[in-house]
Structures are given as structure tokens and as C-alpha cells.
$ cat coords-v6.pdb   # PDB, C-alpha atoms, pLDDT in the B column
ATOM      1  CA  MET A1335      -9.061  -6.433  -8.699  1.00 89.00           C
ATOM      2  CA  LEU A1336      -8.446  -5.193  -5.163  1.00 95.00           C
ATOM      3  CA  ARG A1337     -10.585  -6.436  -2.279  1.00 95.00           C
ATOM      4  CA  LEU A1338     -10.489  -7.105   1.427  1.00 94.00           C
ATOM      5  CA  PRO A1339      -8.933 -10.546   1.975  1.00 96.00           C
ATOM      6  CA  THR A1340     -10.501 -13.303   4.039  1.00 95.00           C
ATOM      7  CA  ASP A1341      -8.284 -15.347   6.364  1.00 94.00           C
ATOM      8  CA  GLU A1342      -8.189 -18.054   3.682  1.00 95.00           C
ATOM      9  CA  ASP A1343      -7.007 -15.448   1.169  1.00 95.00           C
ATOM     10  CA  LEU A1344      -4.303 -14.364   3.608  1.00 95.00           C
ATOM     11  CA  VAL A1345      -2.902 -17.896   3.713  1.00 95.00           C
ATOM     12  CA  ARG A1346      -2.486 -17.815  -0.092  1.00 94.00           C
ATOM     13  CA  LEU A1347      -1.158 -14.242  -0.029  1.00 93.00           C
ATOM     14  CA  ILE A1348       1.440 -15.077   2.611  1.00 93.00           C
ATOM     15  CA  ALA A1349       2.558 -18.129   0.617  1.00 93.00           C
ATOM     16  CA  LEU A1350       3.083 -15.826  -2.358  1.00 93.00           C
ATOM     17  CA  ALA A1351       5.124 -13.426  -0.209  1.00 89.00           C
ATOM     18  CA  ARG A1352       7.176 -16.315   1.152  1.00 88.00           C
ATOM     19  CA  SER A1353       8.039 -17.373  -2.419  1.00 84.00           C
ATOM     20  CA  GLY A1354       9.756 -14.008  -2.961  1.00 79.00           C
ATOM     21  CA  ILE A1355       9.083 -10.316  -3.309  1.00 80.00           C
ATOM     22  CA  HIS A1356      12.594  -8.942  -3.735  1.00 82.00           C
ATOM     23  CA  GLU A1357      16.166 -10.004  -4.414  1.00 80.00           C
ATOM     24  CA  PRO A1358      17.824 -11.823  -1.514  1.00 80.00           C
ATOM     25  CA  GLY A1359      20.154  -9.520   0.393  1.00 77.00           C
ATOM     26  CA  THR A1360      18.039  -6.424  -0.299  1.00 79.00           C
ATOM     27  CA  MET A1361      15.340  -4.836   1.866  1.00 69.00           C
ATOM     28  CA  PRO A1362      12.870  -2.496   0.181  1.00 71.00           C
ATOM     29  CA  PHE A1363      10.541  -2.211   3.197  1.00 74.00           C
ATOM     30  CA  GLY A1364      10.661   0.031   6.255  1.00 75.00           C
ATOM     31  CA  VAL A1365      10.097  -3.076   8.411  1.00 79.00           C
ATOM     32  CA  ALA A1366      12.201  -6.142   7.597  1.00 74.00           C
ATOM     33  CA  TRP A1367       9.267  -8.551   7.702  1.00 73.00           C
ATOM     34  CA  THR A1368      10.397 -10.580   4.691  1.00 79.00           C
ATOM     35  CA  SER A1369      13.602 -11.574   6.496  1.00 80.00           C
ATOM     36  CA  LEU A1370      11.830 -13.506   9.241  1.00 83.00           C
ATOM     37  CA  PRO A1371      12.224 -17.304   9.263  1.00 88.00           C
ATOM     38  CA  SER A1372       9.261 -19.688   9.173  1.00 89.00           C
ATOM     39  CA  PRO A1373       6.975 -19.999  11.070  1.00 93.00           C
ATOM     40  CA  GLU A1374       7.593 -16.519  12.513  1.00 91.00           C
ATOM     41  CA  PHE A1375       7.149 -15.041   9.022  1.00 88.00           C
ATOM     42  CA  GLU A1376       3.722 -16.583   8.489  1.00 93.00           C
ATOM     43  CA  ARG A1377       2.527 -15.956  12.043  1.00 93.00           C
ATOM     44  CA  GLY A1378       3.723 -12.344  11.963  1.00 92.00           C
ATOM     45  CA  ALA A1379       2.020 -11.659   8.627  1.00 93.00           C
ATOM     46  CA  MET A1380      -1.321 -13.032   9.853  1.00 94.00           C
ATOM     47  CA  GLN A1381      -1.029 -11.093  13.109  1.00 95.00           C
ATOM     48  CA  TYR A1382      -0.283  -7.894  11.206  1.00 94.00           C
ATOM     49  CA  HIS A1383      -3.471  -8.198   9.158  1.00 95.00           C
ATOM     50  CA  TRP A1384      -5.542  -9.131  12.220  1.00 96.00           C
ATOM     51  CA  ARG A1385      -4.043  -6.218  14.184  1.00 96.00           C
ATOM     52  CA  CYS A1386      -4.980  -3.767  11.425  1.00 95.00           C
ATOM     53  CA  ARG A1387      -8.575  -5.013  11.580  1.00 95.00           C
ATOM     54  CA  ALA A1388      -8.732  -5.046  15.388  1.00 96.00           C
ATOM     55  CA  ASN A1389      -7.285  -1.554  15.822  1.00 96.00           C
ATOM     56  CA  TRP A1390      -9.482   0.072  13.161  1.00 97.00           C
ATOM     57  CA  SER A1391     -11.232   3.318  14.062  1.00 96.00           C
ATOM     58  CA  ALA A1392     -12.753   6.100  11.983  1.00 95.00           C
ATOM     59  CA  GLN A1393      -9.805   8.308  12.955  1.00 94.00           C
ATOM     60  CA  ASP A1394      -6.933   5.833  12.521  1.00 96.00           C
ATOM     61  CA  TRP A1395      -7.182   2.999  10.041  1.00 97.00           C
ATOM     62  CA  GLU A1396      -5.080   0.762   7.834  1.00 97.00           C
ATOM     63  CA  LEU A1397      -6.710  -1.021   4.905  1.00 97.00           C
ATOM     64  CA  ASN A1398      -4.671  -3.825   3.329  1.00 96.00           C
ATOM     65  CA  LEU A1399      -6.237  -5.117   0.156  1.00 97.00           C
ATOM     66  CA  LEU A1400      -5.592  -8.355  -1.681  1.00 96.00           C
ATOM     67  CA  VAL A1401      -4.586  -7.765  -5.294  1.00 96.00           C
ATOM     68  CA  GLU A1402      -5.862 -10.463  -7.636  1.00 94.00           C
ATOM     69  CA  HIS A1403      -5.186 -11.045 -11.313  1.00 91.00           C
ATOM     70  CA  ASP A1404      -7.085 -13.787 -13.129  1.00 89.00           C
ATOM     71  CA  GLY A1405      -8.411 -14.975  -9.761  1.00 89.00           C
ATOM     72  CA  GLN A1406      -4.952 -15.480  -8.240  1.00 91.00           C
ATOM     73  CA  PRO A1407      -3.288 -13.384  -5.533  1.00 94.00           C
ATOM     74  CA  ILE A1408      -0.407 -11.334  -6.917  1.00 94.00           C
ATOM     75  CA  GLY A1409       0.275  -8.891  -4.076  1.00 95.00           C
ATOM     76  CA  SER A1410      -1.071  -6.460  -1.549  1.00 95.00           C
ATOM     77  CA  GLN A1411      -1.939  -2.767  -1.719  1.00 96.00           C
ATOM     78  CA  GLY A1412      -2.426  -0.812   1.468  1.00 95.00           C
ATOM     79  CA  VAL A1413      -3.714   2.634   2.306  1.00 97.00           C
ATOM     80  CA  SER A1414      -3.749   4.078   5.806  1.00 97.00           C
ATOM     81  CA  ALA A1415      -4.615   7.236   7.685  1.00 97.00           C
ATOM     82  CA  ARG A1416      -4.061   8.842  11.073  1.00 96.00           C
ATOM     83  CA  GLU A1417      -6.499  11.450  12.404  1.00 96.00           C
ATOM     84  CA  TYR A1418      -8.302  11.186   9.072  1.00 96.00           C
ATOM     85  CA  ARG A1419     -11.279  13.413   9.839  1.00 93.00           C
ATOM     86  CA  MET A1420      -8.950  16.329  10.518  1.00 93.00           C
ATOM     87  CA  ALA A1421      -5.961  15.630   8.250  1.00 95.00           C
ATOM     88  CA  ARG A1422      -7.669  14.031   5.215  1.00 97.00           C
ATOM     89  CA  THR A1423      -4.266  12.524   4.383  1.00 97.00           C
ATOM     90  CA  VAL A1424      -3.572   8.925   3.374  1.00 98.00           C
ATOM     91  CA  HIS A1425      -0.355   6.966   2.984  1.00 97.00           C
ATOM     92  CA  SER A1426       0.096   3.990   0.664  1.00 95.00           C
ATOM     93  CA  GLY A1427       2.318   0.941   0.637  1.00 93.00           C
ATOM     94  CA  SER A1428       2.364  -2.204  -1.461  1.00 92.00           C
ATOM     95  CA  TRP A1429       4.178  -5.275  -2.663  1.00 91.00           C
ATOM     96  CA  LEU A1430       3.957  -7.637  -5.622  1.00 91.00           C
ATOM     97  CA  GLY A1431       5.170 -11.201  -6.021  1.00 91.00           C
ATOM     98  CA  ARG A1432       8.354 -11.211  -8.106  1.00 86.00           C
ATOM     99  CA  SER A1433       6.816 -12.921 -11.109  1.00 86.00           C
ATOM    100  CA  HIS A1434       4.232 -10.103 -11.353  1.00 88.00           C
ATOM    101  CA  GLN A1435       6.684  -7.213 -11.213  1.00 83.00           C
ATOM    102  CA  GLY A1436       7.593  -5.047 -14.188  1.00 85.00           C
ATOM    103  CA  LEU A1437       4.199  -5.487 -15.890  1.00 90.00           C
ATOM    104  CA  GLY A1438       2.594  -2.179 -14.892  1.00 88.00           C
ATOM    105  CA  LEU A1439       0.473  -3.792 -12.187  1.00 89.00           C
ATOM    106  CA  GLY A1440       2.044  -1.742  -9.397  1.00 91.00           C
ATOM    107  CA  LYS A1441       0.890   1.443 -11.081  1.00 93.00           C
ATOM    108  CA  GLU A1442      -2.635   0.044 -11.527  1.00 94.00           C
ATOM    109  CA  MET A1443      -2.801  -0.977  -7.862  1.00 93.00           C
ATOM    110  CA  ARG A1444      -1.722   2.436  -6.649  1.00 95.00           C
ATOM    111  CA  THR A1445      -4.104   4.169  -9.041  1.00 96.00           C
ATOM    112  CA  ALA A1446      -6.951   2.117  -7.566  1.00 96.00           C
ATOM    113  CA  VAL A1447      -6.270   3.089  -3.940  1.00 96.00           C
ATOM    114  CA  LEU A1448      -5.703   6.711  -4.902  1.00 97.00           C
ATOM    115  CA  ALA A1449      -9.108   6.681  -6.597  1.00 97.00           C
ATOM    116  CA  LEU A1450     -10.571   5.197  -3.423  1.00 97.00           C
ATOM    117  CA  ALA A1451      -8.895   7.879  -1.312  1.00 97.00           C
ATOM    118  CA  PHE A1452      -9.497  10.967  -3.449  1.00 97.00           C
ATOM    119  CA  ASP A1453     -12.723  10.100  -5.250  1.00 96.00           C
ATOM    120  CA  GLY A1454     -14.344   7.846  -2.650  1.00 96.00           C
ATOM    121  CA  LEU A1455     -13.173   9.078   0.746  1.00 97.00           C
ATOM    122  CA  GLY A1456     -12.568  12.776   0.107  1.00 96.00           C
ATOM    123  CA  ALA A1457      -8.842  12.775   0.828  1.00 97.00           C
ATOM    124  CA  ARG A1458      -6.968  16.032   0.255  1.00 98.00           C
ATOM    125  CA  VAL A1459      -3.416  14.608   0.287  1.00 98.00           C
ATOM    126  CA  ALA A1460      -1.734  11.249  -0.433  1.00 98.00           C
ATOM    127  CA  THR A1461       1.821  10.446   0.594  1.00 97.00           C
ATOM    128  CA  SER A1462       4.238   7.642  -0.155  1.00 96.00           C
ATOM    129  CA  GLU A1463       7.869   6.865   0.651  1.00 95.00           C
ATOM    130  CA  ALA A1464      10.505   4.498  -0.702  1.00 94.00           C
ATOM    131  CA  PHE A1465      14.225   3.961  -0.344  1.00 90.00           C
ATOM    132  CA  LEU A1466      16.272   5.940  -2.841  1.00 93.00           C
ATOM    133  CA  ASP A1467      17.380   2.738  -4.584  1.00 90.00           C
ATOM    134  CA  ASN A1468      13.804   1.419  -4.962  1.00 88.00           C
ATOM    135  CA  HIS A1469      13.538   2.662  -8.531  1.00 91.00           C
ATOM    136  CA  ALA A1470      10.316   0.761  -9.289  1.00 89.00           C
ATOM    137  CA  SER A1471       8.337   2.282  -6.410  1.00 91.00           C
ATOM    138  CA  ASN A1472       9.768   5.744  -6.981  1.00 92.00           C
ATOM    139  CA  GLY A1473       8.950   5.428 -10.683  1.00 92.00           C
ATOM    140  CA  VAL A1474       5.324   4.530  -9.938  1.00 93.00           C
ATOM    141  CA  SER A1475       4.993   7.548  -7.641  1.00 95.00           C
ATOM    142  CA  ARG A1476       6.431   9.942 -10.186  1.00 95.00           C
ATOM    143  CA  SER A1477       4.440   8.477 -13.085  1.00 94.00           C
ATOM    144  CA  LEU A1478       1.192   9.020 -11.164  1.00 95.00           C
ATOM    145  CA  GLY A1479       1.988  12.671 -10.480  1.00 95.00           C
ATOM    146  CA  TYR A1480       3.326  12.659  -6.943  1.00 96.00           C
ATOM    147  CA  GLU A1481       5.813  15.425  -6.214  1.00 96.00           C
ATOM    148  CA  ASP A1482       9.054  14.958  -4.308  1.00 96.00           C
ATOM    149  CA  ASN A1483       8.512  15.934  -0.676  1.00 96.00           C
ATOM    150  CA  GLY A1484      11.929  15.723   0.955  1.00 96.00           C
ATOM    151  CA  ILE A1485      14.250  13.020   2.175  1.00 96.00           C
ATOM    152  CA  GLY A1486      13.453  10.724   5.069  1.00 93.00           C
ATOM    153  CA  SER A1487      15.206   7.845   6.762  1.00 94.00           C
ATOM    154  CA  LEU A1488      14.236   4.320   7.795  1.00 90.00           C
ATOM    155  CA  ALA A1489      16.304   1.573   9.396  1.00 89.00           C
ATOM    156  CA  PRO A1490      14.598  -1.797   8.786  1.00 84.00           C
ATOM    157  CA  GLU A1491      17.771  -3.732   9.568  1.00 83.00           C
ATOM    158  CA  GLY A1492      19.260  -1.399  12.176  1.00 87.00           C
ATOM    159  CA  VAL A1493      21.155   0.834   9.736  1.00 88.00           C
ATOM    160  CA  ALA A1494      19.544   4.102   8.625  1.00 93.00           C
ATOM    161  CA  ARG A1495      18.969   4.479   4.883  1.00 93.00           C
ATOM    162  CA  ASP A1496      17.655   7.519   3.047  1.00 94.00           C
ATOM    163  CA  THR A1497      14.169   7.498   1.586  1.00 94.00           C
ATOM    164  CA  GLN A1498      12.432   9.690  -0.949  1.00 95.00           C
ATOM    165  CA  ARG A1499       9.164  11.086   0.327  1.00 96.00           C
ATOM    166  CA  PHE A1500       6.326  11.879  -2.076  1.00 97.00           C
ATOM    167  CA  ARG A1501       3.146  13.938  -1.832  1.00 97.00           C
ATOM    168  CA  MET A1502       0.121  14.397  -4.085  1.00 98.00           C
ATOM    169  CA  THR A1503      -2.753  16.805  -3.498  1.00 98.00           C
ATOM    170  CA  LEU A1504      -6.337  16.443  -4.637  1.00 97.00           C
ATOM    171  CA  ASP A1505      -5.658  19.128  -7.255  1.00 97.00           C
ATOM    172  CA  GLY A1506      -2.672  17.108  -8.472  1.00 96.00           C
ATOM    173  CA  TRP A1507      -4.844  13.991  -8.689  1.00 97.00           C
ATOM    174  CA  ARG A1508      -7.459  15.837 -10.713  1.00 96.00           C
ATOM    175  CA  SER A1509      -4.919  17.600 -12.951  1.00 95.00           C
ATOM    176  CA  ARG A1510      -4.463  14.687 -15.347  1.00 92.00           C
ATOM    177  CA  PRO A1511      -6.669  12.087 -16.989  1.00 92.00           C
ATOM    178  CA  ARG A1512      -7.014   8.846 -15.058  1.00 90.00           C
ATOM    179  CA  PRO A1513      -8.562   5.491 -15.893  1.00 89.00           C
ATOM    180  CA  THR A1514     -12.015   4.945 -14.421  1.00 91.00           C
ATOM    181  CA  VAL A1515     -11.941   2.902 -11.203  1.00 93.00           C
ATOM    182  CA  ALA A1516     -15.141   1.173 -10.049  1.00 93.00           C
ATOM    183  CA  ILE A1517     -15.594   1.252  -6.274  1.00 94.00           C
ATOM    184  CA  GLU A1518     -18.237  -1.109  -4.928  1.00 93.00           C
ATOM    185  CA  GLY A1519     -19.853  -1.159  -1.488  1.00 92.00           C
ATOM    186  CA  LEU A1520     -18.196   2.010  -0.182  1.00 94.00           C
ATOM    187  CA  ALA A1521     -21.331   3.985   0.699  1.00 92.00           C
ATOM    188  CA  GLU A1522     -22.122   1.618   3.580  1.00 93.00           C
ATOM    189  CA  CYS A1523     -18.590   1.982   4.963  1.00 92.00           C
ATOM    190  CA  LEU A1524     -17.950   5.748   4.818  1.00 95.00           C
ATOM    191  CA  ASP A1525     -18.482   6.279   8.565  1.00 93.00           C
ATOM    192  CA  SER A1526     -15.869   3.594   9.298  1.00 95.00           C
ATOM    193  CA  PHE A1527     -13.309   5.616   7.319  1.00 95.00           C
ATOM    194  CA  GLY A1528     -14.185   8.906   8.977  1.00 93.00           C
ATOM    195  CA  ALA A1529     -15.296  10.212   5.576  1.00 86.00           C
TER     196      ALA A1529
END
$ encode --input "coords-v6.pdb" --output "C-alpha cells"
Amino acid sequence: MLRLPTDEDLVRLIALARSGIHEPGTMPFGVAWTSLPSPEFERGAMQYHWRCRANWSAQDWELNLLVEHDGQPIGSQGVSAREYRMARTVHSGSWLGRSHQGLGLGKEMRTAVLALAFDGLGARVATSEAFLDNHASNGVSRSLGYEDNGIGSLAPEGVARDTQRFRMTLDGWRSRPRPTVAIEGLAECLDSFGA
């Protein structure tokens, strides 16, 4: 299940992140937030979530959802947009605790936010991006039907590394069978998403 986290949920989610998301010495994220020492790590993670809430507008928004399995936090799935009313384009990002990786949950999480974007919010395009050596993320994108959309570059630790960019259109989303995703409480929030 994906849902908006409370501050109490964030404390548990951040503890999960602190326990490990990726191999030491690697950096799969465009921002090297997992390398920060305590308490900067915890403070920065809380501030990030609060900042996303505080800066929300119908044009520019970033929704970071708690991912739960059997009532326990297992990761986070985000979806964001800039100039949404005009562009109708969303971008996704996510992470899973290490003990929950390799079980197909990353694909389920992404499917859920794509259903929210395309079926709930009327998005026309979804994008994603991952470092070339992030085979798990790239595999999820390809398995869901994203198409390669060029090479990018990010430098989370001060050294530029190539990324693979992905793009999926609404037609691409609708071109294959998908599991049914239940979206609850969205009708009351559509104006907040610019939908």
C-alpha cells in the first residue's frame, strides 16, 4: 500500500533508510543524501519531506508516498511535476530498504504511481532516470514499458556519471494490460494537483 506518511511514519521510514538502501561505496541517487552522517541524515530527510509539503502548488508539486507491506514501512515512492497544468508530465523516483529489494515490489510501487498519474491525474507523459549501472531501476522502467529517452548526467558526489533517461506516454501506458490499482480519496484533491 502507498499512502501519504505522517511525521510519525517518517521517523520509521528514515530509520529504515538509515539501516541501508544500497551497497556501501555506491550511490544510486542523484543527490547523495544517504551518505550524510547522523544527525544530519535524519534532520535532512525530515526537512526534505516538510519542504515538499510546504512548497506544494497546483503547478509544481512533489508527492512522496510511504510504501507499506504487512503494515511495515519498506520504502518510498515519489512522483513529481513542474508546470503540471500545461505539461501534464510527471517524474518518478523511489527507494526500497535492502531486505525488500529483488522481490518485485519496486515494479508494484512504480505501477501504482503511474496509475495515479495516468488514470487519476490525466498525465500525458511519465519520465524516469537512473544511472547506467542501476540495473534494478532500469529494469523496472523497461519492464513497465518506458522507452529509452537519451543519456543524461548527474553528479551526486561531485563527479559526473551518465544516466539513462526514460519516457512513457499515455498511449504507451494503455498499450498493455496492467493490474488494477485502487485510488482512494483523489477526487477531493484533484485541484491541488492541477488536474
$ atom_distance --input "coords-v6.pdb" --atom1 "atom CA of Leu1430 of chain A" --atom2 "atom CA of Asp1482 of chain A"
23.2 Å
$ resolve_selection --input "coords-v6.pdb" --expression "the PyMOL selection byres ((chain A and resi 1417-1424) around 9)" --output "ChimeraX atom specification"
/A:1392-1395,1413-1416,1425-1426,1448,1451,1455-1462,1527-1529
$ write_last_selection --input "coords-v6.pdb" --atoms "C-alpha atoms" --output "PDB file, keeping the file's coordinate frame"
ATOM      1  CA  ALA A1392     -12.753   6.100  11.983  1.00 95.00           C
ATOM      2  CA  GLN A1393      -9.805   8.308  12.955  1.00 94.00           C
ATOM      3  CA  ASP A1394      -6.933   5.833  12.521  1.00 96.00           C
ATOM      4  CA  TRP A1395      -7.182   2.999  10.041  1.00 97.00           C
ATOM      5  CA  VAL A1413      -3.714   2.634   2.306  1.00 97.00           C
ATOM      6  CA  SER A1414      -3.749   4.078   5.806  1.00 97.00           C
ATOM      7  CA  ALA A1415      -4.615   7.236   7.685  1.00 97.00           C
ATOM      8  CA  ARG A1416      -4.061   8.842  11.073  1.00 96.00           C
ATOM      9  CA  HIS A1425      -0.355   6.966   2.984  1.00 97.00           C
ATOM     10  CA  SER A1426       0.096   3.990   0.664  1.00 95.00           C
ATOM     11  CA  LEU A1448      -5.703   6.711  -4.902  1.00 97.00           C
ATOM     12  CA  ALA A1451      -8.895   7.879  -1.312  1.00 97.00           C
ATOM     13  CA  LEU A1455     -13.173   9.078   0.746  1.00 97.00           C
ATOM     14  CA  GLY A1456     -12.568  12.776   0.107  1.00 96.00           C
ATOM     15  CA  ALA A1457      -8.842  12.775   0.828  1.00 97.00           C
ATOM     16  CA  ARG A1458      -6.968  16.032   0.255  1.00 98.00           C
ATOM     17  CA  VAL A1459      -3.416  14.608   0.287  1.00 98.00           C
ATOM     18  CA  ALA A1460      -1.734  11.249  -0.433  1.00 98.00           C
ATOM     19  CA  THR A1461       1.821  10.446   0.594  1.00 97.00           C
ATOM     20  CA  SER A1462       4.238   7.642  -0.155  1.00 96.00           C
ATOM     21  CA  PHE A1527     -13.309   5.616   7.319  1.00 95.00           C
ATOM     22  CA  GLY A1528     -14.185   8.906   8.977  1.00 93.00           C
ATOM     23  CA  ALA A1529     -15.296  10.212   5.576  1.00 86.00           C
TER      24      ALA A1529
END
$ resolve_selection --input "coords-v6.pdb" --expression "the PyMOL selection byres ((chain A and resi 1364) around 7)" --output "PDB file with C-alpha atoms, in the coordinates of the input"
ATOM      1  CA  PRO A1362      12.870  -2.496   0.181  1.00 71.00           C
ATOM      2  CA  PHE A1363      10.541  -2.211   3.197  1.00 74.00           C
ATOM      3  CA  VAL A1365      10.097  -3.076   8.411  1.00 79.00           C
ATOM      4  CA  ALA A1366      12.201  -6.142   7.597  1.00 74.00           C
ATOM      5  CA  LEU A1488      14.236   4.320   7.795  1.00 90.00           C
ATOM      6  CA  ALA A1489      16.304   1.573   9.396  1.00 89.00           C
ATOM      7  CA  PRO A1490      14.598  -1.797   8.786  1.00 84.00           C
TER       8      PRO A1490
END
$ atom_distance --input "coords-v6.pdb" --atom1 "atom CA of Gly1409 of chain A" --atom2 "atom CA of Pro1513 of chain A"
20.6 Å
$ closest_residue --input "coords-v6.pdb" --among "A:Asn1398, A:Asn1389, A:Ala1349, A:Val1447" --to "Ser1372 of chain A" --atoms "all atoms listed in the file"
A:Ala1349
$ residues_around --input "coords-v6.pdb" --residues "segment 1383-1388 of chain A" --least-positions-apart "4" --cutoff "12 Å" --atoms "all atoms listed in the file" --output "list in words"
Leu1338, Pro1339, Thr1340, Asp1341, Asp1343, Leu1344, Val1345, Leu1347, Ile1348, Glu1376, Arg1377, Gly1378, Ala1379, Ala1392, Asp1394, Trp1395, Glu1396, Leu1397, Asn1398, Leu1399, Leu1400, Ser1410, Gly1412, Val1413, Ser1414, Ala1415 and Ser1526 of chain A
$ closest_residue --input "coords-v6.pdb" --among "A:Ala1470, A:Ile1517, A:Ala1494, A:Val1401" --to "Ala1449 of chain A" --atoms "all atoms listed in the file"
A:Ile1517
$ resolve_selection --input "coords-v6.pdb" --expression "the PyMOL selection byres ((chain A and resi 1502) around 8)" --output "MDAnalysis selection string"
chainID A and resid 1459:1461 1479:1481 1500:1501 1503:1504 1506:1507
$ write_last_selection --input "coords-v6.pdb" --atoms "C-alpha atoms" --output "PDB file, in the coordinates of the input"
ATOM      1  CA  VAL A1459      -3.416  14.608   0.287  1.00 98.00           C
ATOM      2  CA  ALA A1460      -1.734  11.249  -0.433  1.00 98.00           C
ATOM      3  CA  THR A1461       1.821  10.446   0.594  1.00 97.00           C
ATOM      4  CA  GLY A1479       1.988  12.671 -10.480  1.00 95.00           C
ATOM      5  CA  TYR A1480       3.326  12.659  -6.943  1.00 96.00           C
ATOM      6  CA  GLU A1481       5.813  15.425  -6.214  1.00 96.00           C
ATOM      7  CA  PHE A1500       6.326  11.879  -2.076  1.00 97.00           C
ATOM      8  CA  ARG A1501       3.146  13.938  -1.832  1.00 97.00           C
ATOM      9  CA  THR A1503      -2.753  16.805  -3.498  1.00 98.00           C
ATOM     10  CA  LEU A1504      -6.337  16.443  -4.637  1.00 97.00           C
ATOM     11  CA  GLY A1506      -2.672  17.108  -8.472  1.00 96.00           C
ATOM     12  CA  TRP A1507      -4.844  13.991  -8.689  1.00 97.00           C
TER      13      TRP A1507
END
$ closest_residue --input "coords-v6.pdb" --among "A:Ile1408, A:Ile1485, A:Leu1478, A:Leu1520" --to "Asp1453 of chain A" --atoms "only C-alpha atoms"
A:Leu1520
$ atom_distance --input "coords-v6.pdb" --atom1 "atom CA of Thr1360 of chain A" --atom2 "atom CA of Glu1442 of chain A"
24.4 Å
$ residues_around --input "coords-v6.pdb" --residues "Lys1441 of chain A" --least-positions-apart "5" --cutoff "10 Å" --atoms "all atoms listed in the file" --output "mmCIF file with C-alpha atoms, keeping the file's coordinate frame"
data_model
loop_
_atom_site.group_PDB
_atom_site.id
_atom_site.type_symbol
_atom_site.label_atom_id
_atom_site.label_comp_id
_atom_site.auth_asym_id
_atom_site.auth_seq_id
_atom_site.Cartn_x
_atom_site.Cartn_y
_atom_site.Cartn_z
ATOM 1 C CA GLY A 1436 7.593 -5.047 -14.188
ATOM 2 C CA ALA A 1446 -6.951 2.117 -7.566
ATOM 3 C CA ALA A 1470 10.316 0.761 -9.289
ATOM 4 C CA SER A 1471 8.337 2.282 -6.410
ATOM 5 C CA GLY A 1473 8.950 5.428 -10.683
ATOM 6 C CA VAL A 1474 5.324 4.530 -9.938
ATOM 7 C CA SER A 1475 4.993 7.548 -7.641
ATOM 8 C CA SER A 1477 4.440 8.477 -13.085
ATOM 9 C CA LEU A 1478 1.192 9.020 -11.164
#
$ build_atoms --input "coords-v6.pdb" --residues "segment 1394-1408 of chain A" --atoms "N, CA and C atoms" --output "compact mmCIF listing (two decimals), in the coordinates of the input"
# COMPACT_ATOMS: atom_id res chain seq x y z
N ASP A 1394 -8.21 6.50 12.85
CA ASP A 1394 -6.93 5.83 12.52
C ASP A 1394 -7.24 4.46 11.94
N TRP A 1395 -6.87 4.27 10.68
CA TRP A 1395 -7.18 3.00 10.04
C TRP A 1395 -6.09 2.62 9.05
N GLU A 1396 -6.02 1.31 8.81
CA GLU A 1396 -5.08 0.76 7.83
C GLU A 1396 -5.78 -0.34 7.07
N LEU A 1397 -6.00 -0.09 5.78
CA LEU A 1397 -6.71 -1.02 4.90
C LEU A 1397 -5.70 -1.72 4.00
N ASN A 1398 -5.58 -3.04 4.16
CA ASN A 1398 -4.67 -3.82 3.33
C ASN A 1398 -5.51 -4.71 2.41
N LEU A 1399 -5.42 -4.44 1.14
CA LEU A 1399 -6.24 -5.12 0.16
C LEU A 1399 -5.45 -6.20 -0.58
N LEU A 1400 -6.12 -7.29 -0.84
CA LEU A 1400 -5.59 -8.36 -1.68
C LEU A 1400 -5.66 -7.88 -3.13
N VAL A 1401 -4.59 -8.07 -3.87
CA VAL A 1401 -4.59 -7.76 -5.29
C VAL A 1401 -4.65 -9.10 -6.03
N GLU A 1402 -5.68 -9.24 -6.86
CA GLU A 1402 -5.86 -10.46 -7.64
C GLU A 1402 -5.76 -10.16 -9.12
N HIS A 1403 -5.23 -11.11 -9.85
CA HIS A 1403 -5.19 -11.04 -11.31
C HIS A 1403 -5.55 -12.43 -11.82
N ASP A 1404 -6.58 -12.50 -12.64
CA ASP A 1404 -7.08 -13.79 -13.13
C ASP A 1404 -7.42 -14.73 -11.97
N GLY A 1405 -7.97 -14.17 -10.90
CA GLY A 1405 -8.41 -14.98 -9.76
C GLY A 1405 -7.32 -15.45 -8.82
N GLN A 1406 -6.07 -15.05 -9.07
CA GLN A 1406 -4.95 -15.48 -8.24
C GLN A 1406 -4.36 -14.28 -7.49
N PRO A 1407 -3.93 -14.49 -6.25
CA PRO A 1407 -3.29 -13.38 -5.53
C PRO A 1407 -1.94 -13.05 -6.17
N ILE A 1408 -1.69 -11.75 -6.35
CA ILE A 1408 -0.41 -11.33 -6.92
C ILE A 1408 0.32 -10.35 -6.01
